[in-house]
Amino acid sequence: MKRFNAYQKNINDFFDDIVIVCKNCKNKALAKQINNNLQITCTNCGYNKLVSDQLNLPNYELWFTTELNEGKLWAYNLDHLKFIENHINATLRERNLEKISNISIGSRLPKWMTSKNNRSKLLKEIAKLKTK
Ligand SMILES: [Zn+2]
């Protein structure tokens with residue numbers, strides 16, 4: 001039996017390295033969180049920029065995103081994507097209500113993502129994203 005506990009992992013655990021679309025060349029670039037700044041680097045074209053803080057992130061497009069009829073699937077990076085995959089995969093989810101905080105990923109995943117009907121479709125999309 002698969003057991004997976006998504007409720008004790010905090011979204012901030014994934015926030016150090018964020019994979020984004022380079023504004024310059026549209027390739028894969030990295031946004032690294034350094035103190036309250038984001039260091040954007042693209043190894044493809046050499047784009048390099050330090051932006052003031054993570055509030056600037058919405059100006060950048062995340063690399064791991066895909067649109068489905070039900071909504072948008074997105075992840076900060078590969079680890080985050082794998083985490084979501086594991087979460088969807090888990091046939092048994094542990095819910096320790098006392099430990100759930102508002103910012104835990106488990107409680108944040110929208111219902112359509114965790115619904116049984118969407119499971120296989122989502123896992124296919126995630127598999128595609130992982131090879132992106
Ligand atoms: Zn670039």
# chains A, B, ... in the order shown; residues from 1 in each chain; ligands from 1
>>> residues_around(residues="Lys49 in chain A", least_positions_apart="4", cutoff="9 Å", atoms="only C-alpha atoms", output="tab-separated table (two decimals) with N, CA and C atoms, in the first residue's frame")
chain	number	residue	atom	x	y	z
A	38	LEU	N	15.89	37.43	-5.92
A	38	LEU	CA	15.89	36.30	-6.86
A	38	LEU	C	16.99	36.53	-7.88
A	39	GLN	N	17.88	35.55	-7.96
A	39	GLN	CA	18.93	35.61	-8.95
A	39	GLN	C	18.48	34.79	-10.15
A	40	ILE	N	18.24	35.48	-11.26
A	40	ILE	CA	17.79	34.79	-12.46
A	40	ILE	C	19.00	34.50	-13.34
A	41	THR	N	19.19	33.25	-13.68
A	41	THR	CA	20.30	32.92	-14.58
A	41	THR	C	19.83	31.95	-15.66
>>> residues_near_ligand(ligand="ligand 1", cutoff="8 Å", atoms="only C-alpha atoms and all ligand atoms", output="list in words")
Val21, Cys22, Lys23, Asn24, Cys25, Lys26, Asn27, Lys28, Ala29, Thr41, Cys42, Thr43, Asn44, Cys45, Gly46 and Tyr47 of chain A
>>> residues_around(residues="Ala75 in chain A", least_positions_apart="4", cutoff="10 Å", atoms="only C-alpha atoms", output="PyMOL selection string")
chain A and resi 14+18-20+62-66+79-84+126+129
>>> write_last_selection(atoms="C-alpha atoms", output="PDB file, in the first residue's frame")
ATOM      1  CA  PHE A  14      10.426  24.063  -2.838  1.00  0.00           C
ATOM      2  CA  ILE A  18      12.510  27.877  -9.299  1.00  0.00           C
ATOM      3  CA  VAL A  19      12.611  26.841 -12.925  1.00  0.00           C
ATOM      4  CA  ILE A  20      11.282  29.565 -15.175  1.00  0.00           C
ATOM      5  CA  LEU A  62       7.093  28.996 -14.678  1.00  0.00           C
ATOM      6  CA  TRP A  63       8.687  26.297 -16.818  1.00  0.00           C
ATOM      7  CA  PHE A  64       6.614  23.401 -15.519  1.00  0.00           C
ATOM      8  CA  THR A  65       3.098  24.448 -16.388  1.00  0.00           C
ATOM      9  CA  THR A  66       0.360  22.882 -18.402  1.00  0.00           C
ATOM     10  CA  ASP A  79      11.169  18.185  -7.107  1.00  0.00           C
ATOM     11  CA  HIS A  80       7.909  20.010  -6.678  1.00  0.00           C
ATOM     12  CA  LEU A  81       6.516  18.291  -9.763  1.00  0.00           C
ATOM     13  CA  LYS A  82       7.554  14.886  -8.440  1.00  0.00           C
ATOM     14  CA  PHE A  83       6.017  15.765  -5.132  1.00  0.00           C
ATOM     15  CA  ILE A  84       2.677  16.545  -6.773  1.00  0.00           C
ATOM     16  CA  ILE A 126       3.183  15.237 -15.360  1.00  0.00           C
ATOM     17  CA  LEU A 129       6.357  17.824 -18.158  1.00  0.00           C
TER      18      LEU A 129
END
>>> residues_around(residues="Glu70 in chain A", least_positions_apart="2", cutoff="10 Å", atoms="only C-alpha atoms", output="list of chain:residue names")
A:Glu67, A:Leu68, A:Lys72, A:Leu73, A:Pro110, A:Lys111, A:Trp112, A:Met113, A:Asn118
>>> atom_distance(atom1="CA of Asp16 in chain A", atom2="CA of Leu78 in chain A")
12.1 Å
>>> atom_distance(atom1="CA of Ser52 in chain A", atom2="CA of Lys32 in chain A")
12.0 Å
>>> closest_residue(among="A:Leu109, A:Ile34, A:Ala90, A:Leu123", to="Gly71 in chain A", atoms="only C-alpha atoms")
A:Leu109
>>> atom_distance(atom1="CA of Tyr76 in chain A", atom2="CA of Asn37 in chain A")
16.2 Å
